[in-house]
>>> print(open('final-v2.json').read())   # JSON, C-alpha atoms
[["chain", "number", "residue", "atom", "x", "y", "z"],
["Q", 3, "MET", "CA", 31.68, -10.50, 28.26],
["Q", 4, "LYS", "CA", 30.90, -7.42, 26.19],
["Q", 5, "GLU", "CA", 30.23, -9.52, 23.08],
["Q", 6, "GLU", "CA", 27.84, -11.72, 25.06],
["Q", 7, "ILE", "CA", 25.91, -8.68, 26.30],
["Q", 8, "TYR", "CA", 25.74, -7.21, 22.81],
["Q", 9, "GLY", "CA", 24.61, -10.58, 21.43],
["Q", 10, "LEU", "CA", 21.89, -10.83, 24.08],
["Q", 11, "THR", "CA", 20.53, -7.36, 23.31],
["Q", 12, "PHE", "CA", 20.42, -8.29, 19.63],
["Q", 13, "LEU", "CA", 18.45, -11.47, 20.36],
["Q", 14, "VAL", "CA", 16.01, -9.66, 22.67],
["Q", 15, "ALA", "CA", 15.41, -6.93, 20.07],
["Q", 16, "ASP", "CA", 14.78, -9.56, 17.40],
["Q", 17, "LEU", "CA", 12.34, -11.43, 19.64],
["Q", 18, "VAL", "CA", 10.46, -8.19, 20.36],
["Q", 19, "MET", "CA", 10.15, -7.51, 16.63],
["Q", 20, "ILE", "CA", 8.95, -11.07, 15.96],
["Q", 21, "VAL", "CA", 6.25, -10.90, 18.64],
["Q", 22, "ALA", "CA", 5.19, -7.40, 17.55],
["Q", 23, "GLY", "CA", 4.89, -8.50, 13.93],
["Q", 24, "TYR", "CA", 2.79, -11.58, 14.55],
["Q", 25, "TRP", "CA", 0.61, -9.90, 17.19],
["Q", 26, "ALA", "CA", -0.13, -6.70, 15.26],
["Q", 27, "GLY", "CA", -0.36, -8.53, 11.94],
["Q", 28, "TRP", "CA", -3.02, -10.88, 13.30],
["Q", 29, "ARG", "CA", -5.01, -7.96, 14.70],
["Q", 30, "PHE", "CA", -4.86, -6.11, 11.37],
["Q", 31, "ILE", "CA", -6.43, -9.14, 9.71],
["Q", 32, "LYS", "CA", -8.84, -10.20, 12.46],
["Q", 33, "HIS", "CA", -10.25, -6.79, 13.39],
["Q", 34, "TYR", "CA", -9.89, -4.76, 10.18],
["Q", 35, "ARG", "CA", -9.55, -7.33, 7.38],
["Q", 36, "ASN", "CA", -6.49, -5.39, 6.26],
["Q", 37, "TYR", "CA", -4.60, -8.19, 4.56],
["Q", 38, "LEU", "CA", -2.06, -5.90, 2.94],
["Q", 39, "ILE", "CA", -0.54, -4.73, 6.20],
["Q", 40, "GLY", "CA", -1.40, -7.89, 8.14],
["Q", 41, "ILE", "CA", 0.45, -10.20, 5.76],
["Q", 42, "GLU", "CA", 3.38, -7.79, 5.47],
["Q", 43, "TRP", "CA", 3.65, -7.71, 9.27],
["Q", 44, "PHE", "CA", 3.71, -11.53, 9.23],
["Q", 45, "ILE", "CA", 6.48, -11.41, 6.62],
["Q", 46, "VAL", "CA", 8.55, -9.03, 8.73],
["Q", 47, "ALA", "CA", 8.07, -11.25, 11.78],
["Q", 48, "THR", "CA", 9.00, -14.37, 9.78],
["Q", 49, "SER", "CA", 12.06, -12.57, 8.49],
["Q", 50, "GLY", "CA", 13.06, -11.82, 12.07],
["Q", 51, "LEU", "CA", 12.50, -15.46, 13.04],
["Q", 52, "ASN", "CA", 14.66, -16.65, 10.15],
["Q", 53, "PHE", "CA", 17.33, -14.13, 11.15],
["Q", 54, "LEU", "CA", 17.19, -15.32, 14.77],
["Q", 55, "VAL", "CA", 17.62, -19.00, 13.88],
["Q", 56, "TRP", "CA", 20.37, -18.15, 11.42],
["Q", 57, "ALA", "CA", 22.24, -16.09, 14.02],
["Q", 58, "LEU", "CA", 22.04, -18.86, 16.62],
["Q", 59, "ARG", "CA", 23.16, -21.52, 14.14],
["Q", 60, "PHE", "CA", 26.17, -19.69, 12.78],
["Q", 61, "THR", "CA", 27.38, -17.57, 15.69],
["Q", 62, "ASP", "CA", 30.75, -19.33, 15.70],
["Q", 63, "ASP", "CA", 31.07, -19.67, 11.93],
["Q", 64, "PRO", "CA", 29.88, -16.53, 10.10],
["Q", 65, "GLU", "CA", 31.41, -17.61, 6.78],
["Q", 66, "ALA", "CA", 29.33, -20.81, 6.77],
["Q", 67, "GLY", "CA", 26.32, -18.69, 7.63],
["Q", 68, "MET", "CA", 26.88, -16.46, 4.60],
["Q", 69, "ALA", "CA", 26.80, -19.56, 2.38],
["Q", 70, "SER", "CA", 23.62, -21.01, 3.92],
["Q", 71, "PRO", "CA", 20.20, -20.91, 2.22],
["Q", 72, "GLN", "CA", 18.90, -18.99, 5.25],
["Q", 73, "TYR", "CA", 21.17, -16.10, 4.33],
["Q", 74, "ALA", "CA", 19.62, -15.93, 0.87],
["Q", 75, "VAL", "CA", 16.13, -16.11, 2.40],
["Q", 76, "ALA", "CA", 17.03, -13.28, 4.79],
["Q", 77, "PHE", "CA", 18.10, -11.09, 1.88],
["Q", 78, "PHE", "CA", 14.89, -11.88, -0.01],
["Q", 79, "PHE", "CA", 12.70, -10.90, 2.95],
["Q", 80, "ASP", "CA", 14.76, -7.75, 3.45],
["Q", 81, "ALA", "CA", 14.49, -6.75, -0.23],
["Q", 82, "PHE", "CA", 10.76, -7.62, -0.28],
["Q", 83, "SER", "CA", 9.95, -5.33, 2.63],
["Q", 84, "ARG", "CA", 12.35, -2.49, 1.89],
["Q", 85, "SER", "CA", 11.35, -2.23, -1.78],
["Q", 86, "ILE", "CA", 7.56, -2.61, -1.69],
["Q", 87, "GLY", "CA", 6.45, -3.98, 1.71],
["Q", 88, "ILE", "CA", 7.15, -1.09, 4.06],
["Q", 89, "THR", "CA", 6.70, 1.43, 1.25],
["Q", 90, "LEU", "CA", 3.95, 1.05, -1.35],
["Q", 91, "LEU", "CA", 2.18, -1.80, 0.43],
["Q", 92, "LEU", "CA", 2.17, 0.07, 3.74],
["Q", 93, "VAL", "CA", 0.91, 3.28, 2.16],
["Q", 94, "VAL", "CA", -1.96, 1.59, 0.34],
["Q", 95, "GLY", "CA", -2.86, -0.31, 3.51],
["Q", 96, "LEU", "CA", -2.91, 2.83, 5.65],
["Q", 97, "MET", "CA", -5.07, 4.63, 3.10],
["Q", 98, "ALA", "CA", -7.97, 2.58, 4.47],
["Q", 99, "VAL", "CA", -8.07, 4.98, 7.42],
["Q", 100, "THR", "CA", -6.61, 8.13, 5.86],
["Q", 101, "ARG", "CA", -8.61, 8.19, 2.62],
["Q", 102, "ARG", "CA", -11.28, 5.51, 3.20],
["Q", 103, "TYR", "CA", -9.72, 3.63, 0.29],
["Q", 104, "LYS", "CA", -10.05, -0.14, 0.13],
["Q", 105, "ALA", "CA", -7.93, -1.67, -2.60],
["Q", 106, "SER", "CA", -9.51, -4.25, -4.87],
["Q", 107, "LEU", "CA", -8.36, -7.85, -4.68],
["Q", 108, "ALA", "CA", -6.58, -7.42, -8.02],
["Q", 109, "VAL", "CA", -4.64, -4.42, -6.67],
["Q", 110, "GLU", "CA", -3.68, -6.27, -3.49],
["Q", 111, "VAL", "CA", -2.49, -9.32, -5.41],
["Q", 112, "GLY", "CA", -0.65, -7.09, -7.88],
["Q", 113, "ILE", "CA", 1.24, -5.32, -5.09],
["Q", 114, "PHE", "CA", 2.34, -8.62, -3.56],
["Q", 115, "VAL", "CA", 3.43, -9.95, -6.96],
["Q", 116, "LEU", "CA", 5.43, -6.76, -7.51],
["Q", 117, "ALA", "CA", 6.98, -7.12, -4.05],
["Q", 118, "ILE", "CA", 7.98, -10.72, -4.75],
["Q", 119, "GLY", "CA", 9.52, -9.71, -8.06],
["Q", 120, "CYS", "CA", 11.50, -6.87, -6.47],
["Q", 121, "GLY", "CA", 12.53, -9.15, -3.62],
["Q", 122, "LEU", "CA", 13.88, -11.79, -5.99],
["Q", 123, "TYR", "CA", 15.68, -9.29, -8.19],
["Q", 124, "LEU", "CA", 17.23, -7.23, -5.40],
["Q", 125, "SER", "CA", 18.35, -10.29, -3.41],
["Q", 126, "GLN", "CA", 20.52, -11.69, -6.19],
["Q", 127, "PRO", "CA", 23.97, -12.92, -5.06],
["Q", 128, "LYS", "CA", 25.68, -9.92, -6.67],
["Q", 129, "TYR", "CA", 23.82, -7.59, -4.32],
["Q", 130, "ARG", "CA", 24.53, -9.57, -1.14],
["Q", 131, "GLU", "CA", 28.21, -8.71, -0.91],
["Q", 132, "HIS", "CA", 28.99, -5.45, 0.85],
["Q", 133, "VAL", "CA", 32.78, -5.76, 0.81],
["Q", 134, "ASP", "CA", 35.24, -6.56, -1.95],
["Q", 135, "ALA", "CA", 38.24, -8.91, -1.85],
["Q", 136, "ASN", "CA", 40.26, -6.21, -0.07],
["Q", 137, "GLY", "CA", 37.67, -5.71, 2.64],
["Q", 138, "GLU", "CA", 36.55, -2.36, 1.23],
["Q", 139, "PHE", "CA", 32.91, -1.32, 1.36],
["Q", 140, "VAL", "CA", 30.99, -1.81, -1.88],
["Q", 141, "LEU", "CA", 28.02, 0.44, -2.59],
["Q", 142, "HIS", "CA", 25.37, -1.11, -4.81],
["Q", 143, "GLN", "CA", 24.24, 2.27, -6.04],
["Q", 144, "GLY", "CA", 21.14, 1.16, -7.95],
["Q", 145, "PRO", "CA", 19.45, -0.89, -5.19],
["Q", 146, "ALA", "CA", 20.60, 1.51, -2.46],
["Q", 147, "THR", "CA", 19.14, 4.50, -4.31],
["Q", 148, "PHE", "CA", 15.90, 2.63, -5.02],
["Q", 149, "PHE", "CA", 15.52, 1.71, -1.35],
["Q", 150, "LEU", "CA", 16.26, 5.27, -0.26],
["Q", 151, "VAL", "CA", 13.80, 6.90, -2.67],
["Q", 152, "GLY", "CA", 11.08, 4.48, -1.60],
["Q", 153, "ASN", "CA", 11.86, 5.15, 2.05],
["Q", 154, "LEU", "CA", 11.74, 8.93, 1.64],
["Q", 155, "LEU", "CA", 8.49, 8.90, -0.34],
["Q", 156, "THR", "CA", 6.94, 6.69, 2.32],
["Q", 157, "LEU", "CA", 8.25, 9.02, 5.00],
["Q", 158, "LEU", "CA", 6.33, 11.88, 3.40],
["Q", 159, "PHE", "CA", 3.12, 9.87, 3.61],
["Q", 160, "LEU", "CA", 3.86, 8.93, 7.23],
["Q", 161, "VAL", "CA", 4.27, 12.61, 8.08],
["Q", 162, "TYR", "CA", 0.77, 13.09, 6.68],
["Q", 163, "PHE", "CA", -0.38, 10.03, 8.66],
["Q", 164, "ALA", "CA", 1.07, 11.59, 11.83],
["Q", 165, "LYS", "CA", -0.68, 14.88, 11.06],
["Q", 166, "ARG", "CA", -4.00, 13.07, 10.78],
["Q", 167, "LEU", "CA", -3.34, 11.50, 14.17],
["Q", 168, "ARG", "CA", -2.52, 14.87, 15.69],
["Q", 169, "ASP", "CA", -5.68, 16.37, 14.21],
["Q", 170, "ILE", "CA", -7.85, 13.82, 16.03],
["Q", 171, "GLY", "CA", -6.02, 14.38, 19.31],
["Q", 172, "ALA", "CA", -3.79, 11.28, 19.24],
["Q", 173, "THR", "CA", -0.72, 13.43, 19.82],
["Q", 174, "ARG", "CA", 1.45, 10.81, 21.49],
["Q", 175, "THR", "CA", 0.85, 8.31, 18.71],
["Q", 176, "ALA", "CA", 1.56, 11.03, 16.15],
["Q", 177, "VAL", "CA", 4.89, 11.87, 17.79],
["Q", 178, "ALA", "CA", 5.77, 8.18, 18.05],
["Q", 179, "THR", "CA", 4.95, 7.72, 14.36],
["Q", 180, "LEU", "CA", 7.27, 10.55, 13.37],
["Q", 181, "ALA", "CA", 10.03, 9.31, 15.68],
["Q", 182, "VAL", "CA", 10.08, 5.69, 14.50],
["Q", 183, "SER", "CA", 9.71, 6.72, 10.85],
["Q", 184, "LEU", "CA", 12.71, 9.07, 11.05],
["Q", 185, "ALA", "CA", 14.69, 6.44, 12.96],
["Q", 186, "ALA", "CA", 13.92, 3.89, 10.24],
["Q", 187, "THR", "CA", 15.28, 6.31, 7.63],
["Q", 188, "VAL", "CA", 18.47, 6.67, 9.67],
["Q", 189, "VAL", "CA", 18.80, 2.87, 9.74],
["Q", 190, "ALA", "CA", 18.34, 2.66, 5.96],
["Q", 191, "LEU", "CA", 20.88, 5.42, 5.29],
["Q", 192, "THR", "CA", 23.43, 3.88, 7.64],
["Q", 193, "TYR", "CA", 23.08, 0.40, 6.21],
["Q", 194, "ASP", "CA", 23.28, 1.37, 2.54],
["Q", 195, "PHE", "CA", 25.42, 4.51, 2.45],
["Q", 196, "PHE", "CA", 27.27, 5.07, 5.73],
["Q", 197, "PRO", "CA", 28.30, 1.70, 7.16],
["Q", 198, "LEU", "CA", 30.00, 1.62, 10.54],
["Q", 199, "PRO", "CA", 33.78, 1.03, 10.46],
["Q", 200, "ASP", "CA", 34.52, -2.65, 9.89],
["Q", 201, "SER", "CA", 30.80, -3.36, 10.19],
["Q", 202, "VAL", "CA", 30.24, -6.31, 7.95],
["Q", 203, "ASP", "CA", 29.19, -9.31, 9.99],
["Q", 204, "PRO", "CA", 25.75, -8.98, 11.62],
["Q", 205, "ILE", "CA", 26.57, -11.15, 14.63],
["Q", 206, "GLU", "CA", 30.08, -10.21, 15.73],
["Q", 207, "ASP", "CA", 30.74, -6.79, 14.22],
["Q", 208, "ARG", "CA", 27.33, -5.10, 14.14],
["Q", 209, "PRO", "CA", 25.42, -6.16, 17.26],
["Q", 210, "LEU", "CA", 24.62, -2.64, 18.43],
["Q", 211, "PHE", "CA", 23.54, -1.46, 15.00],
["Q", 212, "TYR", "CA", 21.28, -4.47, 14.50],
["Q", 213, "THR", "CA", 19.87, -4.09, 18.01],
["Q", 214, "PHE", "CA", 18.95, -0.51, 17.17],
["Q", 215, "ALA", "CA", 17.54, -1.48, 13.77],
["Q", 216, "LEU", "CA", 15.46, -4.37, 15.08],
["Q", 217, "THR", "CA", 14.13, -2.23, 17.92],
["Q", 218, "VAL", "CA", 13.11, 0.50, 15.47],
["Q", 219, "TRP", "CA", 11.41, -1.99, 13.15],
["Q", 220, "GLY", "CA", 9.54, -3.59, 16.05],
["Q", 221, "LEU", "CA", 8.36, -0.19, 17.23],
["Q", 222, "GLN", "CA", 7.23, 0.64, 13.69],
["Q", 223, "LEU", "CA", 5.04, -2.47, 13.60],
["Q", 224, "LEU", "CA", 3.37, -1.52, 16.88],
["Q", 225, "THR", "CA", 3.17, 2.24, 16.35],
["Q", 226, "TYR", "CA", 1.56, 2.06, 12.91],
["Q", 227, "TYR", "CA", -0.96, -0.44, 14.25],
["Q", 228, "PHE", "CA", -1.96, 1.84, 17.13],
["Q", 229, "GLY", "CA", -2.11, 4.79, 14.75],
["Q", 230, "TYR", "CA", -4.35, 2.83, 12.38],
["Q", 231, "ARG", "CA", -6.59, 1.81, 15.27],
["Q", 232, "ALA", "CA", -6.86, 5.38, 16.52],
["Q", 233, "LEU", "CA", -7.95, 6.72, 13.13],
["Q", 234, "HIS", "CA", -10.36, 3.85, 12.60],
["Q", 235, "ASP", "CA", -11.96, 4.31, 16.02],
["Q", 236, "HIS", "CA", -12.23, 8.05, 15.39],
["Q", 237, "ASP", "CA", -14.05, 7.43, 12.11],
["Q", 238, "VAL", "CA", -16.40, 4.95, 13.79],
["Q", 239, "ALA", "CA", -17.15, 7.43, 16.60],
["Q", 240, "ARG", "CA", -18.17, 10.16, 14.15],
["Q", 241, "GLY", "CA", -20.07, 7.78, 11.90],
["Q", 242, "ALA", "CA", -17.67, 7.95, 8.96],
["Q", 243, "ALA", "CA", -16.97, 4.21, 9.08],
["Q", 244, "PRO", "CA", -18.91, 1.16, 10.27],
["Q", 245, "ALA", "CA", -17.79, -0.46, 13.50],
["Q", 246, "HIS", "CA", -17.12, -3.68, 11.61],
["Q", 247, "GLU", "CA", -15.50, -2.08, 8.62],
["Q", 248, "HIS", "CA", -14.43, -5.34, 7.06],
["Q", 249, "SER", "CA", -18.01, -6.54, 6.65],
["Q", 250, "ARG", "CA", -19.27, -3.60, 4.61],
["Q", 251, "ALA", "CA", -16.17, -1.94, 3.15],
["Q", 252, "VAL", "CA", -16.56, -0.85, -0.44],
["Q", 253, "ARG", "CA", -13.74, -2.11, -2.59],
["Q", 254, "ALA", "CA", -12.45, 0.36, -5.13]]
>>> encode(input="final-v2.json", output="structure tokens")
Amino acid sequence: MKEEIYGLTFLVADLVMIVAGYWAGWRFIKHYRNYLIGIEWFIVATSGLNFLVWALRFTDDPEAGMASPQYAVAFFFDAFSRSIGITLLLVVGLMAVTRRYKASLAVEVGIFVLAIGCGLYLSQPKYREHVDANGEFVLHQGPATFFLVGNLLTLLFLVYFAKRLRDIGATRTAVATLAVSLAATVVALTYDFFPLPDSVDPIEDRPLFYTFALTVWGLQLLTYYFGYRALHDHDVARGAAPAHEHSRAVRA
């Protein structure tokens, strides 16, 4: 009974993240022409959808699930977002409302190419195993350190992003931004450096951790969107940005 409840909470959290990603991603593109964040939000949502289907398919046979192509795809999406997607790509995308910076098409394409390259490299089979033949935890120090450094540098920018929100009076959104950003760092640290005891399988052994992680990621997708909207609307109200920014934005 307990495993069923834990499994249900995991599925609900994943569904929330999927809906949040597609909804906010579409609005980033439709209303702000911010393809960097919009496409990344779609990627996160697609990753969650792949994870959901994979979990439902291999609930009773985790070993077969580990050998499936979906498992490799899940690792690629994870490496894509954790290396460049929710780090460099997010920062450059948010700079549209923090610094009035609109990346050129070449820069946007370059960031996505870099993200794909990092995703492919960091999702190699040798990095997918987190336990050795004796069941002991294996730390992939290089990738784990790279992910952590990227996360912490992005966290610094998000603190600045939250400060900008506070300065315009969007205090609740600022607090929410800080909270979900710190929670995401806790998730990253736990996953890479401080795994839960016997926490290897994402369906049977880690339901609560993954429920927490998916909930945090879903809240990130929504919170950063509302923060972006608040700063954009503030700039429009004081005449610092056109109401339809995408139609007259100057590309750098």
>>> closest_residue(input="final-v2.json", among="Q:Gly87, Q:Gly23, Q:Gly95, Q:Gly9", to="Q:Leu58", atoms="all atoms listed in the file")
Q:Gly9
>>> closest_residue(input="final-v2.json", among="Q:Trp28, Q:Phe114, Q:Phe149, Q:Tyr162", to="Q:Ser85", atoms="all atoms listed in the file")
Q:Phe149
>>> residues_around(input="final-v2.json", residues="Q:Gly144", least_positions_apart="2", cutoff="12 Å", atoms="all atoms listed in the file", output="PyMOL selection string")
chain Q and resi 123-124+129+140-142+146-151+194-195
>>> closest_residue(input="final-v2.json", among="Q:Ala81, Q:Leu233, Q:Leu10, Q:Ile41", to="Q:Ala98", atoms="all atoms listed in the file")
Q:Leu233
>>> atom_distance(input="final-v2.json", atom1="atom CA of Q:Leu38", atom2="atom CA of Q:Ala172")
23.7 Å
>>> closest_residue(input="final-v2.json", among="Q:Gly119, Q:Gly40, Q:Gly27, Q:Pro127", to="Q:Tyr73", atoms="all atoms listed in the file")
Q:Pro127
>>> closest_residue(input="final-v2.json", among="Q:Phe163, Q:Ser106, Q:Thr173, Q:Gly220", to="Q:Tyr24", atoms="all atoms listed in the file")
Q:Gly220
>>> residues_around(input="final-v2.json", residues="Q:Trp56", least_positions_apart="3", cutoff="8 Å", atoms="all atoms listed in the file", output="PDB file with C-alpha atoms, keeping the file's coordinate frame")
ATOM      1  CA  ASN Q  52      14.660 -16.650  10.150  1.00  0.00           C
ATOM      2  CA  PHE Q  53      17.330 -14.130  11.150  1.00  0.00           C
ATOM      3  CA  ARG Q  59      23.160 -21.520  14.140  1.00  0.00           C
ATOM      4  CA  PHE Q  60      26.170 -19.690  12.780  1.00  0.00           C
ATOM      5  CA  GLY Q  67      26.320 -18.690   7.630  1.00  0.00           C
ATOM      6  CA  GLN Q  72      18.900 -18.990   5.250  1.00  0.00           C
ATOM      7  CA  TYR Q  73      21.170 -16.100   4.330  1.00  0.00           C
TER       8      TYR Q  73
END
>>> atom_distance(input="final-v2.json", atom1="atom CA of Q:Leu155", atom2="atom CA of Q:Lys32")
28.8 Å
>>> atom_distance(input="final-v2.json", atom1="atom CA of Q:Ile45", atom2="atom CA of Q:Arg130")
19.7 Å
>>> residues_around(input="final-v2.json", residues="Q:Ser83", least_positions_apart="5", cutoff="12 Å", atoms="all atoms listed in the file", output="number ranges by chain")
Q: 39, 41-50, 76-78, 88-92, 113-114, 116-122, 124-125, 149, 152-153, 219
>>> residues_near_point(input="final-v2.json", point="(-9.4, 9.5, 5.2)", cutoff="12 Å", atoms="all atoms listed in the file", output="list in words")
Val94, Gly95, Leu96, Met97, Ala98, Val99, Thr100, Arg101, Arg102, Tyr103, Lys104, Tyr162, Phe163, Lys165, Arg166, Leu167, Asp169, Ile170, Tyr230, Leu233, His234, His236, Asp237, Val238, Ala242 and Ala243 of chain Q
>>> closest_residue(input="final-v2.json", among="Q:Pro209, Q:Pro71, Q:Pro145, Q:Gly229", to="Q:Thr179", atoms="all atoms listed in the file")
Q:Gly229
>>> residues_around(input="final-v2.json", residues="Q:Leu13", least_positions_apart="2", cutoff="10 Å", atoms="all atoms listed in the file", output="PyMOL selection string")
chain Q and resi 7-11+15-19+50+53-55+57-58+205+209+212-213+216
>>> residues_around(input="final-v2.json", residues="Q:Leu180", least_positions_apart="5", cutoff="12 Å", atoms="all atoms listed in the file", output="PyMOL selection string")
chain Q and resi 156-168+173-175+185-187+218+221-222+225-226+229
>>> decode(input="final-v2.json", residues="stretch 45-95 of chain Q", atoms="C-alpha atoms", output="PDB file, in the first residue's frame")
ATOM      1  CA  ILE Q  45      12.668  19.859 -23.438  1.00  0.00           C
ATOM      2  CA  VAL Q  46      12.182  19.561 -19.684  1.00  0.00           C
ATOM      3  CA  ALA Q  47       8.508  18.694 -20.186  1.00  0.00           C
ATOM      4  CA  THR Q  48       9.372  16.122 -22.876  1.00  0.00           C
ATOM      5  CA  SER Q  49      11.969  14.648 -20.553  1.00  0.00           C
ATOM      6  CA  GLY Q  50       9.296  14.299 -17.883  1.00  0.00           C
ATOM      7  CA  LEU Q  51       6.934  12.664 -20.390  1.00  0.00           C
ATOM      8  CA  ASN Q  52       9.631  10.189 -21.428  1.00  0.00           C
ATOM      9  CA  PHE Q  53      10.337   9.467 -17.757  1.00  0.00           C
ATOM     10  CA  LEU Q  54       6.626   8.927 -17.070  1.00  0.00           C
ATOM     11  CA  VAL Q  55       6.167   6.450 -19.928  1.00  0.00           C
ATOM     12  CA  TRP Q  56       9.379   4.668 -18.978  1.00  0.00           C
ATOM     13  CA  ALA Q  57       8.281   4.353 -15.350  1.00  0.00           C
ATOM     14  CA  LEU Q  58       4.887   2.946 -16.300  1.00  0.00           C
ATOM     15  CA  ARG Q  59       6.400   0.471 -18.771  1.00  0.00           C
ATOM     16  CA  PHE Q  60       9.052  -0.938 -16.483  1.00  0.00           C
ATOM     17  CA  THR Q  61       7.537  -0.678 -13.005  1.00  0.00           C
ATOM     18  CA  ASP Q  62       7.732  -4.454 -12.537  1.00  0.00           C
ATOM     19  CA  ASP Q  63      11.056  -4.939 -14.310  1.00  0.00           C
ATOM     20  CA  PRO Q  64      13.559  -2.170 -13.456  1.00  0.00           C
ATOM     21  CA  GLU Q  65      16.507  -4.074 -14.941  1.00  0.00           C
ATOM     22  CA  ALA Q  66      14.809  -4.221 -18.351  1.00  0.00           C
ATOM     23  CA  GLY Q  67      14.068  -0.528 -17.984  1.00  0.00           C
ATOM     24  CA  MET Q  68      17.745   0.268 -17.427  1.00  0.00           C
ATOM     25  CA  ALA Q  69      18.552  -1.470 -20.718  1.00  0.00           C
ATOM     26  CA  SER Q  70      15.839   0.295 -22.732  1.00  0.00           C
ATOM     27  CA  PRO Q  71      16.533   3.139 -25.200  1.00  0.00           C
ATOM     28  CA  GLN Q  72      14.208   5.330 -23.123  1.00  0.00           C
ATOM     29  CA  TYR Q  73      16.672   5.133 -20.253  1.00  0.00           C
ATOM     30  CA  ALA Q  74      19.444   6.473 -22.487  1.00  0.00           C
ATOM     31  CA  VAL Q  75      17.126   9.224 -23.741  1.00  0.00           C
ATOM     32  CA  ALA Q  76      16.262  10.147 -20.143  1.00  0.00           C
ATOM     33  CA  PHE Q  77      19.949  10.512 -19.303  1.00  0.00           C
ATOM     34  CA  PHE Q  78      20.536  12.659 -22.383  1.00  0.00           C
ATOM     35  CA  PHE Q  79      17.706  15.041 -21.482  1.00  0.00           C
ATOM     36  CA  ASP Q  80      18.944  15.182 -17.896  1.00  0.00           C
ATOM     37  CA  ALA Q  81      22.527  15.945 -18.957  1.00  0.00           C
ATOM     38  CA  PHE Q  82      21.317  18.485 -21.552  1.00  0.00           C
ATOM     39  CA  SER Q  83      19.354  20.499 -18.997  1.00  0.00           C
ATOM     40  CA  ARG Q  84      21.677  20.173 -16.024  1.00  0.00           C
ATOM     41  CA  SER Q  85      24.796  21.104 -17.995  1.00  0.00           C
ATOM     42  CA  ILE Q  86      23.621  23.987 -20.200  1.00  0.00           C
ATOM     43  CA  GLY Q  87      19.799  24.126 -20.253  1.00  0.00           C
ATOM     44  CA  ILE Q  88      18.942  25.243 -16.725  1.00  0.00           C
ATOM     45  CA  THR Q  89      22.270  27.038 -16.388  1.00  0.00           C
ATOM     46  CA  LEU Q  90      23.762  29.048 -19.256  1.00  0.00           C
ATOM     47  CA  LEU Q  91      20.667  28.862 -21.452  1.00  0.00           C
ATOM     48  CA  LEU Q  92      18.400  29.981 -18.619  1.00  0.00           C
ATOM     49  CA  VAL Q  93      20.682  32.852 -17.638  1.00  0.00           C
ATOM     50  CA  VAL Q  94      20.962  34.201 -21.179  1.00  0.00           C
ATOM     51  CA  GLY Q  95      17.203  33.862 -21.604  1.00  0.00           C
TER      52      GLY Q  95
END
